[in-house]
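Asker: Here you go, this is entry37.txt (compact mmCIF, C-alpha atoms and all ligand atoms).
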```
# COMPACT_ATOMS: atom_id res chain seq x y z
CA MET A 1 30.38 26.30 26.68
CA ARG A 2 28.08 27.75 29.33
CA GLU A 3 25.39 25.66 30.99
CA LYS A 4 21.93 25.97 29.47
CA ILE A 5 19.22 26.05 32.12
CA VAL A 6 15.45 26.30 32.08
CA ALA A 7 13.92 26.68 35.54
CA GLY A 8 10.23 26.61 36.40
CA ASN A 9 9.13 28.89 39.23
CA TRP A 10 5.74 27.54 40.27
CA LYS A 11 5.21 30.34 42.80
CA MET A 12 2.23 29.65 45.13
CA ASN A 13 0.44 27.27 42.76
CA THR A 14 -0.63 23.60 42.69
CA SER A 15 -1.65 21.13 45.37
CA ILE A 16 0.91 18.45 46.22
CA ARG A 17 -1.02 16.04 44.03
CA GLU A 18 -1.06 18.41 41.06
CA GLY A 19 2.61 19.20 41.59
CA LYS A 20 3.57 15.51 41.61
CA GLN A 21 1.60 14.96 38.41
CA LEU A 22 3.33 17.90 36.75
CA VAL A 23 6.74 16.48 37.65
CA LEU A 24 5.74 13.01 36.45
CA ASP A 25 4.65 14.53 33.12
CA ILE A 26 7.97 16.36 32.84
CA ILE A 27 9.99 13.22 33.66
CA ASP A 28 7.94 11.28 31.14
CA ARG A 29 8.88 13.56 28.26
CA ILE A 30 12.32 14.69 29.32
CA GLY A 31 14.09 12.29 26.96
CA LYS A 32 13.14 14.44 23.99
CA LEU A 33 15.09 17.44 25.23
CA PRO A 34 18.26 18.58 23.49
CA SER A 35 21.22 17.22 25.45
CA GLY A 36 23.05 19.63 27.69
CA VAL A 37 19.93 21.44 28.87
CA THR A 38 19.36 21.37 32.64
CA LEU A 39 15.76 21.58 33.76
CA ILE A 40 14.94 22.78 37.25
CA VAL A 41 11.56 22.82 39.00
CA ALA A 42 10.85 25.13 41.93
CA PRO A 43 7.66 24.00 43.67
CA PRO A 44 6.39 25.39 47.01
CA PHE A 45 8.15 24.20 50.20
CA THR A 46 5.41 21.67 51.04
CA HIS A 47 6.02 19.87 47.73
CA LEU A 48 9.79 19.55 47.93
CA CYS A 49 10.04 16.19 49.70
CA PRO A 50 7.39 14.38 47.66
CA VAL A 51 8.81 15.82 44.44
CA ALA A 52 12.37 14.88 45.50
CA ARG A 53 11.17 11.28 45.96
CA LEU A 54 9.73 11.25 42.43
CA ILE A 55 12.93 12.65 40.95
CA GLY A 56 15.03 10.08 42.84
CA ASP A 57 18.54 9.72 41.43
CA ARG A 58 17.82 11.51 38.16
CA LYS A 59 20.13 14.40 37.31
CA THR A 60 17.31 16.36 35.75
CA PRO A 61 14.98 17.94 36.66
CA GLY A 62 16.94 19.57 39.44
CA LEU A 63 14.97 20.72 42.45
CA ALA A 64 14.86 24.30 43.71
CA ALA A 65 13.18 26.09 46.58
CA GLN A 66 11.70 29.53 45.95
CA ASN A 67 13.16 31.17 49.03
CA CYS A 68 14.95 30.45 52.31
CA ALA A 69 15.59 32.09 55.68
CA ASP A 70 18.28 34.68 56.29
CA LYS A 71 19.19 32.93 59.54
CA GLU A 72 20.90 29.62 60.14
CA SER A 73 18.50 28.07 62.69
CA GLY A 74 16.59 28.84 65.87
CA ALA A 75 13.51 30.74 67.01
CA PHE A 76 12.29 32.04 63.64
CA THR A 77 8.74 30.73 63.42
CA GLY A 78 7.59 29.92 59.93
CA GLU A 79 11.02 30.09 58.31
CA VAL A 80 12.86 27.37 56.39
CA SER A 81 16.66 27.34 56.47
CA ALA A 82 19.10 26.66 53.67
CA SER A 83 20.46 23.60 55.49
CA MET A 84 16.92 22.17 55.79
CA LEU A 85 16.57 22.57 52.03
CA ALA A 86 19.89 20.83 51.48
CA SER A 87 18.58 17.91 53.54
CA VAL A 88 15.52 17.40 51.25
CA PRO A 89 17.73 17.23 49.09
CA CYS A 90 17.32 20.36 46.98
CA GLY A 91 20.04 21.57 44.66
CA TYR A 92 19.06 25.20 44.16
CA VAL A 93 17.32 28.13 45.82
CA ILE A 94 15.74 31.07 44.00
CA LEU A 95 16.69 34.28 45.81
CA GLY A 96 15.69 37.89 45.33
CA HIS A 97 12.69 37.29 43.12
CA SER A 98 10.96 40.63 42.53
CA GLU A 99 7.85 39.37 44.35
CA ARG A 100 9.96 38.70 47.44
CA ARG A 101 11.62 42.10 47.11
CA ALA A 102 8.32 43.96 46.56
CA TYR A 103 5.89 42.14 48.90
CA TYR A 104 8.17 40.87 51.65
CA GLY A 105 10.65 43.70 51.90
CA GLU A 106 13.72 41.71 50.91
CA THR A 107 16.64 44.08 50.56
CA ASN A 108 20.02 43.44 49.02
CA GLU A 109 21.40 43.30 52.57
CA ILE A 110 19.02 40.47 53.53
CA LEU A 111 19.71 38.73 50.23
CA LEU A 112 23.43 38.78 50.88
CA GLU A 113 22.82 36.94 54.17
CA LYS A 114 20.60 34.42 52.41
CA ILE A 115 22.99 33.79 49.55
CA LYS A 116 25.88 33.14 51.95
CA LEU A 117 23.80 30.57 53.85
CA VAL A 118 22.69 28.94 50.60
CA LEU A 119 26.30 28.60 49.45
CA ALA A 120 27.43 27.36 52.87
CA SER A 121 24.83 24.58 52.59
CA GLY A 122 26.20 23.50 49.22
CA LEU A 123 23.20 24.76 47.25
CA ARG A 124 23.30 26.90 44.13
CA PRO A 125 21.49 30.24 44.25
CA VAL A 126 19.40 31.45 41.33
CA PHE A 127 19.77 35.15 42.03
CA CYS A 128 17.15 37.42 40.45
CA VAL A 129 17.73 41.00 39.38
CA GLY A 130 15.59 43.40 37.36
CA GLU A 131 14.08 46.85 37.15
CA ILE A 132 10.51 48.07 37.45
CA LEU A 133 8.80 49.90 34.58
CA GLU A 134 9.39 53.43 35.91
CA GLU A 135 13.08 52.65 36.27
CA ARG A 136 13.32 51.52 32.67
CA GLU A 137 11.32 54.46 31.42
CA SER A 138 13.59 56.86 33.24
CA ASN A 139 16.62 55.04 31.89
CA MET A 140 17.72 53.84 35.32
CA HIS A 141 17.65 50.12 34.52
CA PHE A 142 21.41 49.59 34.28
CA GLN A 143 21.94 51.47 37.51
CA VAL A 144 19.29 49.44 39.36
CA VAL A 145 20.63 46.10 38.15
CA SER A 146 24.23 47.06 38.85
CA SER A 147 23.43 47.93 42.48
CA GLN A 148 21.61 44.61 42.91
CA LEU A 149 24.73 42.87 41.60
CA ARG A 150 27.23 45.03 43.47
CA GLU A 151 25.54 44.75 46.86
CA VAL A 152 25.03 40.99 46.72
CA LEU A 153 26.99 38.97 44.16
CA CYS A 154 30.09 41.17 44.12
CA GLN A 155 30.42 40.61 47.89
CA LEU A 156 30.96 36.86 47.42
CA GLU A 157 34.22 34.97 47.32
CA PRO A 158 35.11 33.68 43.83
CA ALA A 159 34.40 30.07 44.90
CA GLY A 160 30.88 31.05 45.97
CA PHE A 161 30.31 33.15 42.88
CA ALA A 162 31.20 30.13 40.73
CA GLN A 163 27.99 28.45 41.95
CA VAL A 164 25.71 31.37 41.09
CA ILE A 165 23.05 31.39 38.40
CA VAL A 166 21.74 34.88 37.59
CA ALA A 167 18.18 35.52 36.38
CA TYR A 168 17.43 38.86 34.74
CA GLU A 169 13.72 39.48 35.16
CA PRO A 170 12.44 42.90 34.12
CA VAL A 171 9.60 43.34 36.62
CA TRP A 172 7.35 44.89 33.98
CA ALA A 173 7.52 41.63 32.02
CA ILE A 174 6.64 39.26 34.89
CA GLY A 175 3.17 37.78 34.55
CA THR A 176 2.13 40.63 32.25
CA GLY A 177 2.36 38.92 28.88
CA LYS A 178 4.80 41.68 27.93
CA THR A 179 8.21 40.20 27.14
CA ALA A 180 11.44 42.12 26.76
CA THR A 181 12.55 42.06 23.13
CA SER A 182 15.46 39.76 22.45
CA GLU A 183 17.58 42.90 21.89
CA GLN A 184 16.62 44.30 25.29
CA ALA A 185 17.39 40.95 26.92
CA GLN A 186 20.76 40.63 25.17
CA GLU A 187 21.71 44.21 26.01
CA MET A 188 21.07 43.68 29.72
CA HIS A 189 22.59 40.20 29.84
CA ALA A 190 25.80 41.47 28.20
CA PHE A 191 25.82 44.36 30.67
CA ILE A 192 25.42 41.95 33.63
CA ARG A 193 28.25 39.75 32.38
CA SER A 194 30.63 42.64 31.86
CA PHE A 195 29.70 44.17 35.22
CA LEU A 196 30.41 40.86 36.98
CA ALA A 197 33.68 40.54 35.05
CA GLU A 198 34.90 43.76 36.71
CA THR A 199 34.92 41.85 40.01
CA PHE A 200 35.34 38.23 38.96
CA GLY A 201 37.24 38.50 35.67
CA GLU A 202 37.10 35.49 33.35
CA GLN A 203 34.83 33.62 35.77
CA ALA A 204 31.87 35.73 34.62
CA GLU A 205 32.19 34.07 31.20
CA SER A 206 30.85 30.84 32.67
CA THR A 207 28.02 32.33 34.75
CA PRO A 208 24.64 31.22 33.40
CA ILE A 209 22.36 34.25 32.97
CA LEU A 210 18.69 33.33 32.52
CA TYR A 211 15.94 35.57 31.19
CA GLY A 212 12.58 35.68 32.99
CA GLY A 213 9.31 37.48 32.29
CA SER A 214 6.44 36.13 30.19
CA CYS A 215 8.71 33.62 28.49
CA LYS A 216 6.62 31.12 26.52
CA PRO A 217 7.01 28.58 23.72
CA SER A 218 6.32 31.25 21.08
CA ASN A 219 9.09 33.62 22.15
CA ALA A 220 11.68 31.39 23.85
CA ALA A 221 13.67 30.50 20.72
CA ASP A 222 14.15 34.15 19.81
CA ILE A 223 15.27 35.10 23.32
CA PHE A 224 17.48 32.02 23.80
CA SER A 225 19.22 32.68 20.48
CA GLN A 226 20.98 35.68 21.99
CA PRO A 227 24.65 35.09 22.84
CA ASP A 228 24.43 36.09 26.52
CA VAL A 229 21.08 34.45 27.25
CA ASP A 230 21.69 31.00 28.73
CA GLY A 231 18.10 29.97 29.35
CA GLY A 232 15.03 31.07 31.24
CA LEU A 233 13.28 31.38 34.57
CA ILE A 234 9.71 30.54 33.71
CA GLY A 235 6.65 31.38 35.81
CA GLY A 236 3.18 30.83 34.36
CA ALA A 237 4.28 28.63 31.46
CA SER A 238 6.12 26.24 33.79
CA LEU A 239 2.81 25.00 35.19
CA LYS A 240 2.08 23.10 31.98
CA ALA A 241 4.50 20.28 31.20
CA ASP A 242 4.05 20.75 27.42
CA ASP A 243 4.80 24.46 27.51
CA PHE A 244 7.70 24.07 29.92
CA LEU A 245 9.30 21.37 27.80
CA ALA A 246 8.64 23.28 24.59
CA ILE A 247 10.48 26.24 26.09
CA ALA A 248 13.34 23.98 27.16
CA GLY A 249 13.43 22.57 23.64
CA SER A 250 13.87 26.05 22.15
CA PHE A 251 17.67 26.17 22.20
CA ALA A 252 19.12 26.21 18.70
P1 LIG A 301 6.21 34.68 34.27
O1 LIG A 301 7.05 34.75 35.64
O2 LIG A 301 6.93 33.73 33.36
O3 LIG A 301 4.86 34.19 34.69
O4 LIG A 301 6.19 36.08 33.72
C1 LIG A 301 8.46 34.70 35.64
C2 LIG A 301 8.96 34.76 37.06
O5 LIG A 301 8.36 35.49 37.88
O6 LIG A 301 9.95 34.09 37.42
```
Written as structure tokens, that's how I'd like the structure from this file.
Answerer:
Amino acid sequence: MREKIVAGNWKMNTSIREGKQLVLDIIDRIGKLPSGVTLIVAPPFTHLCPVARLIGDRKTPGLAAQNCADKESGAFTGEVSASMLASVPCGYVILGHSERRAYYGETNEILLEKIKLVLASGLRPVFCVGEILEERESNMHFQVVSSQLREVLCQLEPAGFAQVIVAYEPVWAIGTGKTATSEQAQEMHAFIRSFLAETFGEQAESTPILYGGSCKPSNAADIFSQPDVDGGLIGGASLKADDFLAIAGSFA
């Protein structure tokens, strides 16, 4: 049985006060979730410590950062290292989100450095892959996703790879209201798993692969019903506790 995970990527939203309230609302209603579902919240850096205090010893929700530095420590003004995140304590770091790739020039090379530091700090990476619309329309989507996987994940040692959570996020579906169909999601998720199996064999069977891109309560059950979809990375809908929990409650 693979882990089922629903992660909320808050992006650059909420004040600390609003963020704390959102987490309190989630904690309040978490008991109603189907067992075996891991919830993760990924607030902005400034919110991590106060949110970690609210979560306390609870196993869920887990806490994720949305990014980290590609260097270990030193004179890198404005950066936050993986080991600093581990000291919060955070459990996860989202890496390679398409917004980071598109607006901040994050390449697969940089992401490989980041993922190694994340793993060395004992954190689990949520590694995002996905194609833009033109790439899908020109039938390049498998090629794009396979190079993202080959140049980053396939470079890891098996022990590091065992910690990885993959998120397939077609860029054309992020924040657009346009979701991939469950068939498109399944097709890509199965492709990702078999591609990873070429390097990691059986291990790829236990890698959680999340879908992201305009996932909401009305479409989550359909997408999550697919055999290779192990949950979701949720943007907009993770900012409302009801919607986020409804999505997390959508596993059959
Ligand atoms: P969305 O974002 O759910 O708002 O489309 C998903 C993401 O960017 O992780």
Asker: Quick one: everything within 9 Å of A:Thr38, counting all atoms listed in the file, minus sequence neighbours fewer than 2 positions away in the same chain. Send it as a short mmCIF file (atom, residue, chain, number, x, y, z; two decimals) with C-alpha atoms, in the frame of the given file.
Answerer:
```cif
data_model
loop_
_atom_site.label_atom_id
_atom_site.label_comp_id
_atom_site.auth_asym_id
_atom_site.auth_seq_id
_atom_site.Cartn_x
_atom_site.Cartn_y
_atom_site.Cartn_z
CA GLU A 3 25.39 25.66 30.99
CA LYS A 4 21.93 25.97 29.47
CA ILE A 5 19.22 26.05 32.12
CA VAL A 6 15.45 26.30 32.08
CA ALA A 7 13.92 26.68 35.54
CA SER A 35 21.22 17.22 25.45
CA GLY A 36 23.05 19.63 27.69
CA ILE A 40 14.94 22.78 37.25
CA LYS A 59 20.13 14.40 37.31
CA THR A 60 17.31 16.36 35.75
CA PRO A 61 14.98 17.94 36.66
CA GLY A 62 16.94 19.57 39.44
CA ALA A 248 13.34 23.98 27.16
#
```
Asker: Could you tell me which of A:Gly91, A:Gly122, A:Gly177, A:Gly96 comes closest to A:Ala69 if we count all atoms listed in the file?
Answerer: A:Gly96
Asker: State, in Å with one decimal place, the distance from atom CA of A:Gln186 to atom CA of A:Asp228.
Answerer: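 If I compute the distance from atom CA of A:Gln186 to atom CA of A:Asp228, I get 6.0 Å.
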Asker: Residues up to 9 Å from ligand LIG 301 (chain A), counting all atoms listed in the file: could you list those as a PyMOL selection string?
Answerer: chain A and resi 7-11+97-99+128+167+169+171-179+211-216+232-238
Asker: Could you write out the selected residues, including C-alpha atoms, as a PDB file, keeping the file's coordinate frame?
Answerer:
```
ATOM      1  CA  ALA A   7      13.920  26.680  35.540  1.00  0.00           C
ATOM      2  CA  GLY A   8      10.230  26.610  36.400  1.00  0.00           C
ATOM      3  CA  ASN A   9       9.130  28.890  39.230  1.00  0.00           C
ATOM      4  CA  TRP A  10       5.740  27.540  40.270  1.00  0.00           C
ATOM      5  CA  LYS A  11       5.210  30.340  42.800  1.00  0.00           C
ATOM      6  CA  HIS A  97      12.690  37.290  43.120  1.00  0.00           C
ATOM      7  CA  SER A  98      10.960  40.630  42.530  1.00  0.00           C
ATOM      8  CA  GLU A  99       7.850  39.370  44.350  1.00  0.00           C
ATOM      9  CA  CYS A 128      17.150  37.420  40.450  1.00  0.00           C
ATOM     10  CA  ALA A 167      18.180  35.520  36.380  1.00  0.00           C
ATOM     11  CA  GLU A 169      13.720  39.480  35.160  1.00  0.00           C
ATOM     12  CA  VAL A 171       9.600  43.340  36.620  1.00  0.00           C
ATOM     13  CA  TRP A 172       7.350  44.890  33.980  1.00  0.00           C
ATOM     14  CA  ALA A 173       7.520  41.630  32.020  1.00  0.00           C
ATOM     15  CA  ILE A 174       6.640  39.260  34.890  1.00  0.00           C
ATOM     16  CA  GLY A 175       3.170  37.780  34.550  1.00  0.00           C
ATOM     17  CA  THR A 176       2.130  40.630  32.250  1.00  0.00           C
ATOM     18  CA  GLY A 177       2.360  38.920  28.880  1.00  0.00           C
ATOM     19  CA  LYS A 178       4.800  41.680  27.930  1.00  0.00           C
ATOM     20  CA  THR A 179       8.210  40.200  27.140  1.00  0.00           C
ATOM     21  CA  TYR A 211      15.940  35.570  31.190  1.00  0.00           C
ATOM     22  CA  GLY A 212      12.580  35.680  32.990  1.00  0.00           C
ATOM     23  CA  GLY A 213       9.310  37.480  32.290  1.00  0.00           C
ATOM     24  CA  SER A 214       6.440  36.130  30.190  1.00  0.00           C
ATOM     25  CA  CYS A 215       8.710  33.620  28.490  1.00  0.00           C
ATOM     26  CA  LYS A 216       6.620  31.120  26.520  1.00  0.00           C
ATOM     27  CA  GLY A 232      15.030  31.070  31.240  1.00  0.00           C
ATOM     28  CA  LEU A 233      13.280  31.380  34.570  1.00  0.00           C
ATOM     29  CA  ILE A 234       9.710  30.540  33.710  1.00  0.00           C
ATOM     30  CA  GLY A 235       6.650  31.380  35.810  1.00  0.00           C
ATOM     31  CA  GLY A 236       3.180  30.830  34.360  1.00  0.00           C
ATOM     32  CA  ALA A 237       4.280  28.630  31.460  1.00  0.00           C
ATOM     33  CA  SER A 238       6.120  26.240  33.790  1.00  0.00           C
TER      34      SER A 238
END
```
Asker: I want to know what sits within 12 Å of A:Asp25, based on all atoms listed in the file, with residues of the same chain fewer than 5 positions away left out; could you give that as a ChimeraX atom specification?
Answerer: /A:18-20,30-31,54-55,61,238-245
Asker: Name the residues in contact with A:Phe200 at a cut-off of 10 Å, using only C-alpha atoms, excluding same-chain residues fewer than 5 positions from it; report them as a list in words.
Answerer: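 My list of contacting residues is Leu153, Cys154, Leu156, Glu157, Pro158, Phe161, Ala162, Arg193, Ser194, Phe195 and Glu205 of chain A.
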Asker: Between atom CA of A:Pro44 and atom CA of A:Met12, measure the distance and give it in Å to one decimal.
Answerer: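 It comes out at 6.2 Å.
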Asker: Could you work out how far atom CA of A:Leu33 lies from atom CA of A:Ala246, giving the answer in Å with one decimal?
Answerer: 8.7 Å
Asker: So, with only C-alpha atoms as the atoms that count, which of A:Ser250, A:Gln163, A:Asn108, A:Gln21 lies closest to A:Pro208?
Answerer: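 Among the listed residues, the smallest separation from A:Pro208 belongs to A:Gln163.
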Asker: Quick one: everything within 10 Å of stretch 71-75 of chain A, counting only C-alpha atoms, minus sequence neighbours fewer than 6 positions away in the same chain. Send it as a PyMOL selection string.
Answerer: chain A and resi 81-84+110+113-114+117-118+121
Asker: Which residue, A:Pro170, A:Gly201, A:Pro217, A:Pro125, has the smallest gap to A:Ala185 when you use only C-alpha atoms?
Answerer: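 So, comparing all the options, the nearest one is A:Pro170.
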Asker: Residues near A:Leu95, anyone? I mean within 8 Å using only C-alpha atoms, not counting same-chain ones fewer than 3 positions away, as a ChimeraX atom specification.
Answerer: /A:66-68,111,114-115,125-128
Asker: Calculated over only C-alpha atoms, which of the candidates A:Phe76, A:Tyr168, A:Phe224, A:Phe45 has the smallest distance to A:Ser146?
Answerer: A:Tyr168
Asker: Adding 3 Å on each side of the box along x, y and z that holds all listed atoms of stretch 58-67 of chain A, could you give its centre and edge lengths in Å to one decimal, as AutoDock Vina command-line options?
Answerer:
```
--center_x 15.9 --center_y 21.3 --center_z 42.4 --size_x 14.4 --size_y 25.7 --size_z 19.3
```
Asker: Calculated over only C-alpha atoms, which of the candidates A:Ala86, A:Ile192, A:Leu133, A:Gly105 has the smallest distance to A:Ser147?
Answerer: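 Smallest separation from A:Ser147 among the options: A:Ile192.
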